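Here's the structure, in structure tokens; my notes come after.
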Amino acid sequence: MSRAYEAAGCAPGVALAPAWRPRRPSDVEPPVAGDVVAGVEEVAAAVHAVVGRLRALAASYRRDGATVSAEILEVEALIAADPTFLDDVVALAGDTSVPASTAATQVADRHAAVLEALESPELRERAADVRHVGRLVSDQLSGRTPLAPPAGPFVLLADEVTAPELLEHADRVVGAVSVRGGATSHASIVARSLGLPLVSLVPVAAVDVEDGVSVLVDGDAGRVVVAPGRETARRALTRTADDGVAARGLPARTRDGVDLTLLANVASAVEARRALDAGAAGVGLLRTELPFLDAADWPTRDEHIRRLAPVLEVLAGRPVTVRLLDFSNDKTPPFLAGRDPAASLANFLGDTAALTAQLSALASAGTGVELRVMVPMATRATDLVRVRHHLVDAVAGGVLPRVGAMVESPEAVANLPELLDVCDFVAIGTNDLTASTLGLARTDPALVTFRSADPAVLRLVEHVVLAAAGADVPVSVCGDAAADPAVLPLLIGAGVRAVSVAPSRLDAVRTLVRASSAADCRARLRAVLDGDDGVRRRVRSGVVGGRHA
């Protein structure tokens with residue numbers, strides 16, 4: 001019998017495949033032969049094996065240029081190698097005479113509970129990594145053999161889906177469902193990087209499913225359907241890019257002849273290759289802060305080059321917009337802990353050595369691309385002027401890249417005239433613009449992409465587009481809302497003609513654009529802004545012009 005569950009969408013997309021569970025959430029695994037109280041040497045050997053496995057997997061991803069995925073695995077290796085973890089497992093096993101494998105999971109749960117009690121959402125999400133390490137060490141100590149996944153594609157179901165599980169099975173996993181977790185978890189970051197739909201916060205019953213049963217994962221709608229009927233599956237899958245692959249050689253042109261430029265948001269060489277394969281014209285947002293979220297200090301020039309070079313090599317000859325370090329909100333490294341996250345740009349621009357290190361690296365590594373430098377969270381012309389001044393020194397007489405602003409707050413919109421005077425381009429970041437306009441935190445579960453369809457946000461977007469056009473400054477949208485089938489038509493209606501989205505969403509966006517009419521999009525935007533409740537309801541349901549988007 002088909003069963004549907006509401007969920008929190010953590011990574012977009014839709015997938016349908018047989019279920020597979022590495023373990024049941026309700027399983028209580030009994031000790032196995034040889035699973036006895038272990039001493040320091042036995043536990044240390046198990047930890048060493050787990051660390052080696054994680055580091056080997058990390059190395060393979062680093063060789064492929066997937067820096068973010070590699071560093072997530074390396075973080076778990078560091079957790080496993082923590083001497084405190086080893087000491088606590090040995091002490092618990094010795095004091096209570098429980099099997100060492102049980103001690104490993106109990107200690108991990110205890111350490112995870114400490115993290116989950118912290119105020120930082122990002123640190124709370126690290127609890128999942130700690131619990132996963134505990135399970136790995138427990139399996140190693142007990143001699144328990146991990147279950148083998150199916151030979152073909154599958155949807156991974158777990159009480160807590162982890163990043164290493166997704167990476168280990170990246171060749172076959174097509175989607176994931178998790179009871180625990182959130183959008184800032186390492187699993188969610190990896191799922192978005194791999195283009196896998198992931199949902200979380202489902203009831204246990206949603207993952208307590210027999211292996212092989214069909215499961216539909218809808219990361220866009222935040223929904224899971226176990227054993228979906230044929231019509232339910234068909235409706236969901238028609239919203240994906242199934243027929244988009246065949247259209248990759250065609251322009252993203254509306255039925256009435258309006259062209260959109262499709263760009264990609266990337267952070268690694270792997271994502272860059274996927275973007276080009278999916279027909280991206282270039283990169284509208286290259287995130288540079290993700291490799292340094294655990295950094296102990298501002299990255300050096302050489303560290304920037306090591307991260308940038310593999311990505312830019314893939315994108316040779318293409319336009320690439322590189323966002324300067326954006327250590328803000330839920331992306332704050334340890335060395336900036338305690339500082340005001342709202343002052344992220346001021347912290348960066350105020351440290352001349354940090355700023356010149358990144359600009360010099362860009363000047364060196366970016367000679368093979370059509371480089372553009374974007375300033376995040378910019379609100380004043382002086383932000384752009386300072387960057388351009390140091391960039392002139394960095395290129396040392398070479399070609400000066402274009403410099404632009406990422407408009408992400410009502411304050412930036414209010415100061416748009418002075419920004420446009422010094423900008424070569426503008427990119428609208430709908431994630432932060434929506435959050436700041438509606439008074440939501442970046443980690444608020446209510447901050448879904450559909451919230452960008454709020455009239456207050458759309459009015460700001462339209463204002464930026466019209467003002468930029470009047471100043472002859474190109475404008476694009478690079479927030480997640482640009483890939484939302486309910487929001488994209490409204491952006492087109494507001495005059496947006498360039499969008500940058502995740503590589504996995506390019507085909508779906510192209511398909512939606514080609515099925516749309518710019519005139520209809522304009523009429524629809526006006527209806528939303530004029531308070532037509534009927535149109536707002538249709539926007540919320542994702543229905544466009546009588547058809548599902």
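Every chain in the structure tokens has a letter given in the order shown (A, B, ...), and although residue numbers restart at 1 in each chain, ligands are simply numbered from 1 in the order shown.
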**Q.** All residues 8 Å or closer to region 68-83 of chain A, only C-alpha atoms, same chain fewer than 4 positions away omitted, as a VMD selection string
**A.** chain A and resid 47 to 48 50 to 52 54 to 55 57 to 62 87 129 to 130 133 to 134 163 to 164 167 186 190 267 to 268 290 to 291
Take the residues from that selection and put them in a file with N, CA, C and O atoms, as an mmCIF file, in the first residue's frame.
data_model
loop_
_atom_site.group_PDB
_atom_site.id
_atom_site.type_symbol
_atom_site.label_atom_id
_atom_site.label_comp_id
_atom_site.auth_asym_id
_atom_site.auth_seq_id
_atom_site.Cartn_x
_atom_site.Cartn_y
_atom_site.Cartn_z
ATOM 1 N N VAL A 47 40.260 2.135 15.597
ATOM 2 C CA VAL A 47 40.221 3.554 15.235
ATOM 3 C C VAL A 47 41.148 3.827 14.062
ATOM 4 O O VAL A 47 40.792 4.547 13.115
ATOM 5 N N HIS A 48 42.344 3.251 14.099
ATOM 6 C CA HIS A 48 43.317 3.450 13.021
ATOM 7 C C HIS A 48 42.742 2.953 11.684
ATOM 8 O O HIS A 48 42.921 3.606 10.637
ATOM 9 N N VAL A 50 39.567 2.764 10.818
ATOM 10 C CA VAL A 50 38.499 3.677 10.393
ATOM 11 C C VAL A 50 39.095 4.963 9.832
ATOM 12 O O VAL A 50 38.669 5.468 8.779
ATOM 13 N N VAL A 51 40.098 5.504 10.513
ATOM 14 C CA VAL A 51 40.757 6.723 10.033
ATOM 15 C C VAL A 51 41.347 6.488 8.644
ATOM 16 O O VAL A 51 41.205 7.319 7.737
ATOM 17 N N GLY A 52 42.006 5.331 8.466
ATOM 18 C CA GLY A 52 42.597 5.022 7.168
ATOM 19 C C GLY A 52 41.555 4.922 6.070
ATOM 20 O O GLY A 52 41.765 5.414 4.947
ATOM 21 N N LEU A 54 38.550 6.397 5.955
ATOM 22 C CA LEU A 54 38.015 7.723 5.653
ATOM 23 C C LEU A 54 39.016 8.564 4.870
ATOM 24 O O LEU A 54 38.654 9.270 3.910
ATOM 25 N N ARG A 55 40.294 8.482 5.250
ATOM 26 C CA ARG A 55 41.302 9.274 4.546
ATOM 27 C C ARG A 55 41.520 8.773 3.122
ATOM 28 O O ARG A 55 41.767 9.571 2.206
ATOM 29 N N LEU A 57 39.214 7.386 1.204
ATOM 30 C CA LEU A 57 38.081 7.866 0.424
ATOM 31 C C LEU A 57 38.215 9.359 0.143
ATOM 32 O O LEU A 57 37.927 9.830 -0.963
ATOM 33 N N ALA A 58 38.687 10.101 1.145
ATOM 34 C CA ALA A 58 38.896 11.546 0.960
ATOM 35 C C ALA A 58 39.922 11.808 -0.139
ATOM 36 O O ALA A 58 39.750 12.700 -0.981
ATOM 37 N N ALA A 59 40.999 11.035 -0.145
ATOM 38 C CA ALA A 59 42.047 11.221 -1.149
ATOM 39 C C ALA A 59 41.512 10.987 -2.554
ATOM 40 O O ALA A 59 41.874 11.706 -3.503
ATOM 41 N N SER A 60 40.636 10.004 -2.712
ATOM 42 C CA SER A 60 40.091 9.719 -4.035
ATOM 43 C C SER A 60 39.236 10.886 -4.523
ATOM 44 O O SER A 60 39.265 11.239 -5.702
ATOM 45 N N TYR A 61 38.479 11.494 -3.619
ATOM 46 C CA TYR A 61 37.662 12.645 -4.015
ATOM 47 C C TYR A 61 38.525 13.878 -4.259
ATOM 48 O O TYR A 61 38.247 14.680 -5.159
ATOM 49 N N ARG A 62 39.591 14.034 -3.495
ATOM 50 C CA ARG A 62 40.477 15.179 -3.719
ATOM 51 C C ARG A 62 41.157 15.071 -5.082
ATOM 52 O O ARG A 62 41.343 16.077 -5.781
ATOM 53 N N ASP A 87 40.248 7.341 24.491
ATOM 54 C CA ASP A 87 40.340 7.178 25.947
ATOM 55 C C ASP A 87 38.975 6.892 26.562
ATOM 56 O O ASP A 87 38.851 6.041 27.461
ATOM 57 N N ASP A 129 28.133 13.508 12.338
ATOM 58 C CA ASP A 129 29.455 12.970 11.987
ATOM 59 C C ASP A 129 30.027 12.160 13.147
ATOM 60 O O ASP A 129 30.640 11.105 12.944
ATOM 61 N N VAL A 130 29.836 12.660 14.367
ATOM 62 C CA VAL A 130 30.358 11.958 15.542
ATOM 63 C C VAL A 130 29.671 10.604 15.701
ATOM 64 O O VAL A 130 30.315 9.577 15.951
ATOM 65 N N VAL A 133 30.995 8.140 13.114
ATOM 66 C CA VAL A 133 32.314 7.611 13.488
ATOM 67 C C VAL A 133 32.150 6.522 14.542
ATOM 68 O O VAL A 133 32.808 5.473 14.483
ATOM 69 N N GLY A 134 31.278 6.748 15.519
ATOM 70 C CA GLY A 134 31.041 5.728 16.538
ATOM 71 C C GLY A 134 30.566 4.420 15.938
ATOM 72 O O GLY A 134 31.011 3.336 16.350
ATOM 73 N N ALA A 163 27.338 11.811 5.218
ATOM 74 C CA ALA A 163 28.082 12.160 4.007
ATOM 75 C C ALA A 163 28.924 10.993 3.489
ATOM 76 O O ALA A 163 28.914 10.707 2.285
ATOM 77 N N PRO A 164 29.697 10.289 4.352
ATOM 78 C CA PRO A 164 30.490 9.175 3.823
ATOM 79 C C PRO A 164 29.662 8.091 3.160
ATOM 80 O O PRO A 164 30.094 7.487 2.179
ATOM 81 N N LEU A 167 28.927 9.299 -0.287
ATOM 82 C CA LEU A 167 30.133 9.323 -1.119
ATOM 83 C C LEU A 167 30.611 7.915 -1.465
ATOM 84 O O LEU A 167 31.087 7.673 -2.583
ATOM 85 N N HIS A 186 26.513 17.839 6.807
ATOM 86 C CA HIS A 186 27.466 17.426 5.786
ATOM 87 C C HIS A 186 26.794 16.553 4.739
ATOM 88 O O HIS A 186 27.121 16.631 3.552
ATOM 89 N N VAL A 190 26.840 17.363 0.708
ATOM 90 C CA VAL A 190 27.307 16.388 -0.281
ATOM 91 C C VAL A 190 26.195 16.041 -1.259
ATOM 92 O O VAL A 190 26.422 15.929 -2.471
ATOM 93 N N ALA A 267 31.433 24.673 -6.498
ATOM 94 C CA ALA A 267 32.502 24.859 -5.512
ATOM 95 C C ALA A 267 33.652 23.900 -5.768
ATOM 96 O O ALA A 267 34.635 23.932 -5.034
ATOM 97 N N SER A 268 33.543 23.045 -6.795
ATOM 98 C CA SER A 268 34.578 22.050 -7.049
ATOM 99 C C SER A 268 34.691 21.780 -8.545
ATOM 100 O O SER A 268 33.807 22.148 -9.332
ATOM 101 N N LEU A 290 33.884 27.553 1.139
ATOM 102 C CA LEU A 290 33.579 26.211 1.633
ATOM 103 C C LEU A 290 34.819 25.383 2.000
ATOM 104 O O LEU A 290 34.804 24.662 3.003
ATOM 105 N N PRO A 291 35.908 25.445 1.226
ATOM 106 C CA PRO A 291 37.086 24.653 1.623
ATOM 107 C C PRO A 291 37.750 25.126 2.907
ATOM 108 O O PRO A 291 38.615 24.433 3.448
#
Q) Within 8 Å of Ser476 (chain A), counting only C-alpha atoms, which residues qualify if same-chain residues fewer than 6 places away don't, as a ChimeraX atom specification? A) /A:426-428,496-500
Output C-alpha atoms for every residue in that selection, as a PDB file, in the first residue's frame.
ATOM      1  CA  VAL A 426      25.065  42.770 -10.166  1.00  0.00           C
ATOM      2  CA  ALA A 427      23.956  39.359  -8.886  1.00  0.00           C
ATOM      3  CA  ILE A 428      20.883  38.977  -6.699  1.00  0.00           C
ATOM      4  CA  VAL A 496      15.612  38.485 -14.994  1.00  0.00           C
ATOM      5  CA  ARG A 497      17.492  37.193 -18.039  1.00  0.00           C
ATOM      6  CA  ALA A 498      20.369  35.274 -16.445  1.00  0.00           C
ATOM      7  CA  VAL A 499      20.193  32.714 -13.647  1.00  0.00           C
ATOM      8  CA  SER A 500      22.822  30.609 -11.910  1.00  0.00           C
TER       9      SER A 500
END
Q: Extract the full set of strand (DSSP E or B) residues from region 241-338 of chain A according to DSSP on the backbone, and format it as a count of residues only.
A: 17
(Q) Can you tell me which residues surround Asn415 (chain A) at a distance of at most 9 Å, considering only C-alpha atoms, apart from same-chain residues fewer than 5 positions away, and format the answer as a ChimeraX atom specification? (A) /A:379-381,410,420
Print the selection's residues with C-alpha atoms to a file, as a PDB file, in the first residue's frame.
ATOM      1  CA  THR A 379      25.996  47.565   0.642  1.00  0.00           C
ATOM      2  CA  ARG A 380      28.184  50.589  -0.190  1.00  0.00           C
ATOM      3  CA  ALA A 381      30.221  51.752  -3.155  1.00  0.00           C
ATOM      4  CA  PRO A 410      17.194  45.584   1.650  1.00  0.00           C
ATOM      5  CA  LEU A 420      25.530  50.750  -9.792  1.00  0.00           C
TER       6      LEU A 420
END
Q.
So that I can see what lies close to Gly495 (chain A), please list as a PyMOL selection string the residues with an atom at most 8 Å from it, counting only C-alpha atoms and leaving out residues fewer than 2 positions away in the same chain.
A. chain A and resi 462+465-466+491-493+497
Q: Give the answer as one residue: which of A:Thr356, A:Glu165, A:Thr430, A:Pro319 has the shortest atom-to-atom distance to Ala148 (chain A), using only C-alpha atoms?
A: A:Glu165
Q) Any idea what's packed within 10 Å of Leu371 (chain A), counting only C-alpha atoms, ignoring anything in its chain fewer than 3 positions away? Could you give it as a ChimeraX atom specification? A) /A:283,312,317-322,362-363,365-368,374,399-403
Q | Residues flagged alpha helix (DSSP H) by DSSP in region 237-300 of chain A, as a VMD selection string | A | chain A and resid 237 269 to 277
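Using only C-alpha atoms, the protein and nucleic acid residues lying no more than 10 Å from Ala117 (chain A), apart from those fewer than 6 places from it along its own chain, are Leu123, Arg124 and Ala127 of chain A.
Closest to Val204 (chain A) among A:Val513, A:Leu506, A:Val217, A:Ala7 is A:Ala7, based on only C-alpha atoms.
Using only C-alpha atoms, the shortest contact distance between Leu201 (chain A) and any of A:Ala515, A:Leu359, A:Val422, A:Cys10 is found at A:Cys10.
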